[in-house]
Number of protein chains: 2
Amino acid sequence: MTATAFSPVISILDSTLRDGAQAEGISFSISDKLHIVHALDELGVSYIEAGNPSANVKELEFFSELSKVNLQNSVIAAFGATRRKNISCKDDEALNILLSVDTPVVVLFGKTKVSQVTKILKTSLKENLSMIQESCEYCSRKNRNVVFDAEHFFDGFFENKEYVFKCLHAAVMGGAQIITLCDTNGGTLPLDIYNIVKAVVTEFAGVLTNAGNPVIIGFHAHNDCGLAVSNSLMAVEAGATHIQGTILGYGERTGNANLSTIIPNLELKMGLTCLPQAHLQLITPVCRQIAQISNVALNDGLPYVGNNAFSHKAGMHADAVAKIHSAYEHITPQAVGNDRHFLLSEIAGRSLILELIKKYYPEYSKQDSVVKEIIKQIKDLESKGYQFEGADASFELLVHKISGTYKPFFKLHYYKTNGEFPKIDTNLSSFSQLKIEVDGKVAVTAGDGDGPVHSLDVALRRALEKFYPVVKDVRLIDYKVRVLDGHDATASKVRVLIESSDGNDNWTTVGVSSDIIEASWLALVDSIEFKLMKTFEKNIIKQKGNK
Amino acid sequence: MTATAFSPVISILDSTLRDGAQAEGISFSISDKLHIVHALDELGVSYIEAGNPSANVKELEFFSELSKVNLQNSVIAAFGATRRKNISCKDDEALNILLSVDTPVVVLFGKTKVSQVTKILKTSLKENLSMIQESCEYCSRKNRNVVFDAEHFFDGFFENKEYVFKCLHAAVMGGAQIITLCDTNGGTLPLDIYNIVKAVVTEFAGVLTNAGNPVIIGFHAHNDCGLAVSNSLMAVEAGATHIQGTILGYGERTGNANLSTIIPNLELKMGLTCLPQAHLQLITPVCRQIAQISNVALNDGLPYVGNNAFSHKAGMHADAVAKIHSAYEHITPQAVGNDRHFLLSEIAGRSLILELIKKYYPEYSKQDSVVKEIIKQIKDLESKGYQFEGADASFELLVHKISGTYKPFFKLHYYKTNGEFPKIDTNLSSFSQLKIEVDGKVAVTAGDGDGPVHSLDVALRRALEKFYPVVKDVRLIDYKVRVLDGHDATASKVRVLIESSDGNDNWTTVGVSSDIIEASWLALVDSIEFKLMKTFEKNIIKQKGNK
């Protein structure tokens with residue numbers, strides 16, 4: 001069922017774009033979703049559950065965009081419910097929309113717990129079985145690989161074991177390739193998961209799907225008891241070979257099973273392949289990227305991929321780790337693309353920074369004083385709240401600036417912004433002016449806009465376009481704000497990230513200040529300077545040769 | 001070993017003040033520590049591991065303060081290492097300091113993994129056994145109840161099973177009452193924990209301590225694989241009856257075992273008593289209090305005690321929960337002192353909004369025109385980017401405003417803000433002025449600050465304090481900015497959330513605009529109006545009666 005020759009022992013389905021979008025505070029734009037799809041494909045999960053196309057028009061629009069995308073490792077799945085009661089599949093609008101988006105895989109969820117069928121769905125147990133079987137049949141006849149998600153499976157097992165098995169058989173008879181056992185309320189304990197999954201594995205041992213393959217048993221966990229990761233591992237121990245979750249554990253209530261913890265556990269601790277070879281070391285950067293796109297701070301304490309996953313604070317521990325890495329580390333951080341940090345020392349991440357510097361200056365080594373200076377300044381900026389992960393353009397600029405190979409394109413004399421209520425005019429609440437200088441020539445311009453950042457942006461472009469017409473090509477395509485420490489309230493530090501594009505390339509820049517205007521200004525200036533540097537790069541390369 | 005007659009099936013040791021203090025960003029003052037001790041005692045854990053008295057003078061000072069405190073449910077434990085190699089216990093300064101603080105319980109940690117003994121400690125296996133036995137003996141002869149923490153026990157078991165057992169026997173022969181098996185690096189899988197704990201339980205079945213009691217087997221987990229909670233439950237399943245952790249999972253790297261998840265799991269899911277009767281419902285308020293003291297935001301997604309643990313967002317789920325609470329809830333939120341929340345979002349149904357309105361106006365029904373108007377306006381605001389999930393105060397204000405029972409406390413004539421570079425003064429980049437009116441009297445005030453939102457906040461408070469001195473009590477404790485759709489870049493809409501406190505209550509308000517100053521202003525005004533409404537609530541209730 002995967003697009004490539006690679007066939008993992010455990011297939012992973014990521015539901016960040018569907019179940020993850022149920023998390024409080026998560027709201028993905030179409031562009032966010034496309035970025036996440038690419039990141040997950042790069043990581044190499046088997047299936048990306050992209051959404052429920054019948055939920056609303058925005059979802060449909062996204063699937064249409066998605067159909068133009070070429071993936072290397074992953075297959076797209078669309079999610080939907082089994083047909084409504086007392087109608088035929090061909091009359092079920094949602095099912096037809098689900099098929100209209102033309103994904104290789106569809107995930108159909110259906111009820112399997114008796115009291116849910118009778119009290120929530122308000123239909124007969126028999127009709128529910130027909131709904132499951134006919135819906136699977138309808139989709140598999142249209143050449144979809146069908147995953148059946150058995151909602152409330154474990155609660156249902158305790159209530160009426162016989163009926164939940166009937167539901168699973170109905171799905172398989174309808175043509176489902178994978179039957180996923182869902183701990184929908186997240187209330188089941190690890191040993192119960194183990195025993196129940198084992199019972200299902202035993203029940204379906206030797207049973208073939210309509211396509212003639214062995215039935216694959218899947219598992220889908222929620223974290224209400226803090227057990228989603230563990231329960232997923234227990235399901236695998238019991239014979240499940242398909243695991244659903246979300247890469248960062250996003251999900252309703254306490255979240256879904258966190259794949260960034262499960263995948264390293266399966267690969268490193270249990271020796272079971274989930275990702276293409278050598279892809280595990282992409283998991284930390286991919287997680288950081290997805291957190292950035294989602295505009296949610298990555299939990300520092302997250303196993304494997306968190307900033308503190310391999311941090312050592314206690315003097316004693318840090319000393320022991322310096323002696324023997326395994327003293328207080330269960331794996332090497334590099335296995336998951338993470339780094340060891342000593343919180344009280346200066347040696348954190350140096351080799352990583354050097355590696356990044358070498359992208360631009362391959363001839364640099366650890367001993368060069370300029371490298372030491374770059375590392376010092378980066379550490380300094382990080383302590384002020386900067387974060388260069390996901391802000392490559394600001395990082396590259398900084399490296400060139402400290403190396404002395406960067407020539408400023410303009411000088412700011414001053415800016416002044418204002419904001420007013422009542423508004424000056426419709427959608428105009430702010431007016432800015434500034435003065436810049438290029439090669440001894442000054443430009444004083446003004447801009448108006450909706451808010452001070454907008455009006456300042458307009459004024460800056462107006463000034464620079466006179467000297468550098470190429471600035472007209474730069475469009476800002478994304479703008480994100482994160483408050484770093486909310487405790488100082490309106491005087492808190494903020495980090496602004498701006499993503500820009502010139503039609504060919506995208507780049508991201510960062511600015512930090514307790515004044516949001518200044519933070520935005522810094523990111524804005526970096527964005528434009530980066531474009532100018534790229535445009536006039538020949539000069540830089542020439543200067544590098546003379547170094 | 002507990003102070004009261006209450007004897008739990010599973011004794012809990014909280015190490016927030018010792019292992020928890022190793023977490024990045026945690027730094028407790030003596031007063032913080034005393035508050036935490038009281039909160040944990042109120043909750044009713046068996047042991048509070050208060051620190052390592054030989055670590056520094058501040059720790060000693062804290063133990064001296066602690067000796068004056070009277071606890072209801074918990075017993076204080078002091079933590080320290082077994083004696084140093086090649087000296088006698090009475091010459092070991094740290095051991096003597098440990099005894100000087102005169103706690104009923106001491107926790108002694110020692111090495112049990114062969115390679116740790118030979119390579120880190122650099123001593124013989126025999127000497128290490130003597131260190132364990134003699135240290136336990138030295139403390140138990142001074143009438144301390146001794147808990148022996150076997151560091152790296154599980155890794156040691158895999159390396160040399162025979163030796164780890166020798167270490168445990170040395171501790172018991174020395175007089176330890178509890179032997180705690182530590183998964184120090186957090187790298188062990190649930191089934192391995194189960195099997196190894198079972199082997200230890202079997203080994204010590206029938207063995208009595210020097211005091212003539214059965215040896216108690218304890219377990220101490222770290223969360224490096226995201227398995228600390230689950231591993232603790234597996235240890236209990238295998239026969240352990242003593243569990244160590246930290247109430248909110250604070251700890252080095254990825255943290256310690258989270259007791260706020262483990263305790264409800266043990267009590268509600270496994271039917272094992274850990275806390276005095278009816279104390280489990282204190283766990284949510286106690287956790288919120290300890291998070292507050294620690295100055296760490298409580299993770300909203302935390303099982304059982306997090307703000308979102310019982311939140312429902314998806315329209316379908318929320319509708320089902322409204323029908324049957326158990327539909328998507330594994331326990332009743334009240335069992336742990338938490339609450340059910342229905343998150344308002346684009347996918348939230350009407351019935352949900354009605355339920356929220358009924359919190360303030362129980363007499364309202366779906367048919368009332370005012371309810372229809374409220375729903376209409378909320379849907380309208382949501383389409384503009386408002387989101388009332390997590391902004392209860394703005395929601396409540398809105399409901400009262402539309403119901404006609406809210407009287408505005410002031411009227412804004414205008415505000416003007418500016419922002420400047422270079423800065424006006426150190427940390428001053430902005431100046432604001434505004435004019436408000438209260439009961440026909442006007443106030444014109446100014447404020448300066450770091451950024452326009454800060455200076456506007458200052459000016460508004462200055463104006464309102466003249467009329468409503470209670471405004472002085474309001475502190476803004478958190479400020480969040482989210483860009484709603486970054487695609488319009490610097491002209492994008494932003495949503496600002498402000499959390500405020502008056503020392504007793506916290507409340508959150510929201511503002512949306514494409515001008516960040518206006519969005520912040522709206523949230524700020526709601527925050528202060530909410531406080532004023534609460535203060536003068538009697539007026540509202542009177543008006544409600546006349547409706």
# chains A, B, ... in the order shown; residues from 1 in each chain; ligands from 1

$ interface_residues --of "chain A" --to "chain B" --cutoff "6 Å" --atoms "only C-alpha atoms" --output "mmCIF file with N, CA and C atoms, in the first residue's frame"
data_model
loop_
_atom_site.group_PDB
_atom_site.id
_atom_site.type_symbol
_atom_site.label_atom_id
_atom_site.label_comp_id
_atom_site.auth_asym_id
_atom_site.auth_seq_id
_atom_site.Cartn_x
_atom_site.Cartn_y
_atom_site.Cartn_z
ATOM 1 N N ASN A 185 -11.469 6.795 24.210
ATOM 2 C CA ASN A 185 -11.484 7.627 25.413
ATOM 3 C C ASN A 185 -10.160 7.573 26.177
ATOM 4 N N GLY A 187 -8.844 5.382 28.065
ATOM 5 C CA GLY A 187 -8.968 4.963 29.460
ATOM 6 C C GLY A 187 -8.498 3.547 29.763
ATOM 7 N N ASP A 224 -5.405 9.990 27.590
ATOM 8 C CA ASP A 224 -6.121 10.448 28.797
ATOM 9 C C ASP A 224 -5.567 9.897 30.097
ATOM 10 N N CYS A 225 -4.917 8.749 30.052
ATOM 11 C CA CYS A 225 -4.281 8.206 31.259
ATOM 12 C C CYS A 225 -2.760 8.335 31.198
ATOM 13 N N GLY A 226 -2.256 9.102 30.229
ATOM 14 C CA GLY A 226 -0.808 9.228 30.085
ATOM 15 C C GLY A 226 -0.166 7.938 29.594
ATOM 16 N N LEU A 227 -0.957 7.109 28.910
ATOM 17 C CA LEU A 227 -0.486 5.768 28.542
ATOM 18 C C LEU A 227 -0.489 5.508 27.037
ATOM 19 N N SER A 230 2.847 3.983 25.699
ATOM 20 C CA SER A 230 3.020 2.642 26.232
ATOM 21 C C SER A 230 1.999 1.667 25.655
ATOM 22 N N ARG A 253 -8.447 16.914 23.929
ATOM 23 C CA ARG A 253 -8.237 16.640 25.364
ATOM 24 C C ARG A 253 -6.741 16.542 25.703
ATOM 25 N N THR A 254 -6.276 15.345 26.046
ATOM 26 C CA THR A 254 -4.879 15.184 26.432
ATOM 27 C C THR A 254 -4.003 14.779 25.243
ATOM 28 N N GLY A 301 10.546 19.119 27.295
ATOM 29 C CA GLY A 301 10.742 17.850 27.983
ATOM 30 C C GLY A 301 10.293 16.646 27.186
ATOM 31 N N LEU A 302 9.954 16.850 25.915
ATOM 32 C CA LEU A 302 9.463 15.740 25.100
ATOM 33 C C LEU A 302 10.565 14.687 24.921
ATOM 34 N N PRO A 303 10.243 13.395 25.158
ATOM 35 C CA PRO A 303 11.235 12.348 24.937
ATOM 36 C C PRO A 303 11.804 12.413 23.515
ATOM 37 N N ASN A 308 15.340 19.434 25.881
ATOM 38 C CA ASN A 308 15.988 18.962 27.103
ATOM 39 C C ASN A 308 16.122 17.448 27.186
ATOM 40 N N ALA A 309 15.758 16.753 26.105
ATOM 41 C CA ALA A 309 15.748 15.282 26.168
ATOM 42 C C ALA A 309 17.121 14.732 26.529
ATOM 43 N N PHE A 310 18.160 15.471 26.158
ATOM 44 C CA PHE A 310 19.519 15.021 26.487
ATOM 45 C C PHE A 310 20.291 16.148 27.174
ATOM 46 N N SER A 311 19.583 16.868 28.049
ATOM 47 C CA SER A 311 20.213 17.955 28.799
ATOM 48 C C SER A 311 20.650 17.440 30.151
ATOM 49 N N TYR A 328 24.054 8.600 31.913
ATOM 50 C CA TYR A 328 22.692 9.074 32.140
ATOM 51 C C TYR A 328 21.958 9.319 30.828
ATOM 52 N N GLU A 329 22.318 8.548 29.783
ATOM 53 C CA GLU A 329 21.624 8.647 28.499
ATOM 54 C C GLU A 329 21.262 7.247 28.030
ATOM 55 N N HIS A 330 20.010 7.062 27.660
ATOM 56 C CA HIS A 330 19.581 5.708 27.277
ATOM 57 C C HIS A 330 19.881 5.402 25.823
ATOM 58 N N TYR A 414 16.115 56.556 11.438
ATOM 59 C CA TYR A 414 15.081 56.451 12.461
ATOM 60 C C TYR A 414 13.806 55.885 11.845
ATOM 61 N N TYR A 415 12.959 55.352 12.678
ATOM 62 C CA TYR A 415 11.558 55.169 12.266
ATOM 63 C C TYR A 415 10.667 55.665 13.386
ATOM 64 N N LYS A 416 9.481 56.069 13.006
ATOM 65 C CA LYS A 416 8.449 56.447 13.977
ATOM 66 C C LYS A 416 7.141 55.835 13.496
ATOM 67 N N THR A 417 6.441 55.200 14.405
ATOM 68 C CA THR A 417 5.132 54.650 14.021
ATOM 69 C C THR A 417 4.092 55.220 14.971
ATOM 70 N N ASN A 418 2.834 55.226 14.534
ATOM 71 C CA ASN A 418 1.785 55.517 15.517
ATOM 72 C C ASN A 418 0.610 54.574 15.333
ATOM 73 N N GLY A 419 -0.270 54.581 16.283
ATOM 74 C CA GLY A 419 -1.482 53.776 16.202
ATOM 75 C C GLY A 419 -2.599 54.593 16.813
ATOM 76 N N GLU A 420 -3.770 54.531 16.209
ATOM 77 C CA GLU A 420 -4.833 55.413 16.696
ATOM 78 C C GLU A 420 -6.178 54.730 16.770
ATOM 79 N N PHE A 421 -6.933 55.138 17.776
ATOM 80 C CA PHE A 421 -8.345 54.812 17.834
ATOM 81 C C PHE A 421 -9.084 56.093 18.156
ATOM 82 N N ASP A 450 -2.773 48.848 8.430
ATOM 83 C CA ASP A 450 -3.602 48.398 9.534
ATOM 84 C C ASP A 450 -2.679 47.889 10.638
ATOM 85 N N GLY A 451 -2.323 48.759 11.532
ATOM 86 C CA GLY A 451 -1.373 48.413 12.585
ATOM 87 C C GLY A 451 0.017 48.892 12.236
ATOM 88 N N VAL A 453 3.050 47.543 12.372
ATOM 89 C CA VAL A 453 3.986 46.699 11.645
ATOM 90 C C VAL A 453 3.716 46.803 10.144
ATOM 91 N N HIS A 454 2.433 46.819 9.812
ATOM 92 C CA HIS A 454 2.036 46.929 8.416
ATOM 93 C C HIS A 454 2.499 48.258 7.818
ATOM 94 N N LEU A 476 5.898 38.912 1.586
ATOM 95 C CA LEU A 476 5.901 38.227 2.878
ATOM 96 C C LEU A 476 4.731 37.258 2.860
ATOM 97 N N ILE A 477 5.011 35.986 3.031
ATOM 98 C CA ILE A 477 3.911 35.025 2.916
ATOM 99 C C ILE A 477 3.456 34.477 4.264
ATOM 100 N N ASP A 478 4.231 34.689 5.301
ATOM 101 C CA ASP A 478 3.750 34.242 6.609
ATOM 102 C C ASP A 478 4.367 35.083 7.710
ATOM 103 N N TYR A 479 3.634 35.261 8.762
ATOM 104 C CA TYR A 479 4.052 36.121 9.865
ATOM 105 C C TYR A 479 3.585 35.449 11.145
ATOM 106 N N LYS A 480 4.524 35.117 12.024
ATOM 107 C CA LYS A 480 4.144 34.420 13.259
ATOM 108 C C LYS A 480 4.712 35.151 14.461
ATOM 109 N N VAL A 483 4.997 34.675 22.102
ATOM 110 C CA VAL A 483 5.406 35.363 23.325
ATOM 111 C C VAL A 483 6.300 34.400 24.102
ATOM 112 N N GLY A 486 5.368 34.755 29.084
ATOM 113 C CA GLY A 486 4.150 35.531 29.262
ATOM 114 C C GLY A 486 4.062 36.241 30.599
ATOM 115 N N HIS A 487 4.999 35.944 31.481
ATOM 116 C CA HIS A 487 4.825 36.403 32.865
ATOM 117 C C HIS A 487 4.989 37.896 33.028
ATOM 118 N N ALA A 489 3.645 39.821 31.027
ATOM 119 C CA ALA A 489 2.426 40.292 30.375
ATOM 120 C C ALA A 489 2.747 41.195 29.196
ATOM 121 N N THR A 490 2.190 42.405 29.163
ATOM 122 C CA THR A 490 2.350 43.237 27.968
ATOM 123 C C THR A 490 3.781 43.723 27.772
ATOM 124 N N ALA A 491 4.670 43.493 28.750
ATOM 125 C CA ALA A 491 6.086 43.826 28.552
ATOM 126 C C ALA A 491 6.915 42.570 28.271
ATOM 127 N N ASP A 515 9.532 44.729 22.490
ATOM 128 C CA ASP A 515 8.661 45.612 21.712
ATOM 129 C C ASP A 515 8.320 44.884 20.413
#

$ residues_around --residues "Ile132 in chain B" --least-positions-apart "2" --cutoff "12 Å" --atoms "only C-alpha atoms" --output "number ranges by chain"
B: 80-85, 88-89, 107-112, 117, 125-130, 134-139, 146-151, 164, 166-176, 179

$ atom_distance --atom1 "CA of Lys33 in chain B" --atom2 "CA of Val75 in chain B"
14.9 Å

$ select_by_dssp --residues "range 68-281 of chain A" --states "strand (DSSP E or B)" --output "ChimeraX atom specification"
/A:75-81,105-111,145-151,178-183,208,214,216-222,242-246,256,258

$ residues_around --residues "Phe204 in chain A" --least-positions-apart "5" --cutoff "9 Å" --atoms "only C-alpha atoms" --output "count of residues only"
6

$ residues_around --residues "Ala523 in chain A" --least-positions-apart "6" --cutoff "6 Å" --atoms "only C-alpha atoms" --output "ChimeraX atom specification"
/A:509-511

$ write_last_selection --atoms "all heavy atoms" --output "mmCIF file, in the first residue's frame"
data_model
loop_
_atom_site.group_PDB
_atom_site.id
_atom_site.type_symbol
_atom_site.label_atom_id
_atom_site.label_comp_id
_atom_site.auth_asym_id
_atom_site.auth_seq_id
_atom_site.Cartn_x
_atom_site.Cartn_y
_atom_site.Cartn_z
ATOM 1 N N THR A 509 13.013 34.471 8.478
ATOM 2 C CA THR A 509 13.884 35.311 9.300
ATOM 3 C C THR A 509 13.237 35.528 10.663
ATOM 4 O O THR A 509 12.035 35.324 10.838
ATOM 5 C CB THR A 509 14.122 36.670 8.612
ATOM 6 O OG1 THR A 509 12.850 37.252 8.290
ATOM 7 C CG2 THR A 509 14.935 36.508 7.330
ATOM 8 N N VAL A 510 14.060 35.948 11.619
ATOM 9 C CA VAL A 510 13.583 36.027 12.995
ATOM 10 C C VAL A 510 14.009 37.344 13.629
ATOM 11 O O VAL A 510 15.055 37.907 13.293
ATOM 12 C CB VAL A 510 14.143 34.823 13.799
ATOM 13 C CG1 VAL A 510 15.665 34.804 13.817
ATOM 14 C CG2 VAL A 510 13.608 34.781 15.226
ATOM 15 N N GLY A 511 13.182 37.836 14.546
ATOM 16 C CA GLY A 511 13.536 39.011 15.347
ATOM 17 C C GLY A 511 12.985 38.856 16.747
ATOM 18 O O GLY A 511 11.899 38.290 16.927
#

$ closest_residue --among "B:Arg495, B:Lys122, B:Arg144, B:Lys531" --to "Val474 in chain B" --atoms "only C-alpha atoms"
B:Lys531

$ select_by_dssp --residues "range 8-200 of chain A" --states "alpha helix (DSSP H)" --output "PyMOL selection string"
chain A and resi 30-43+57-66+93-100+114-115+125-141+153-159+161-174+190-200
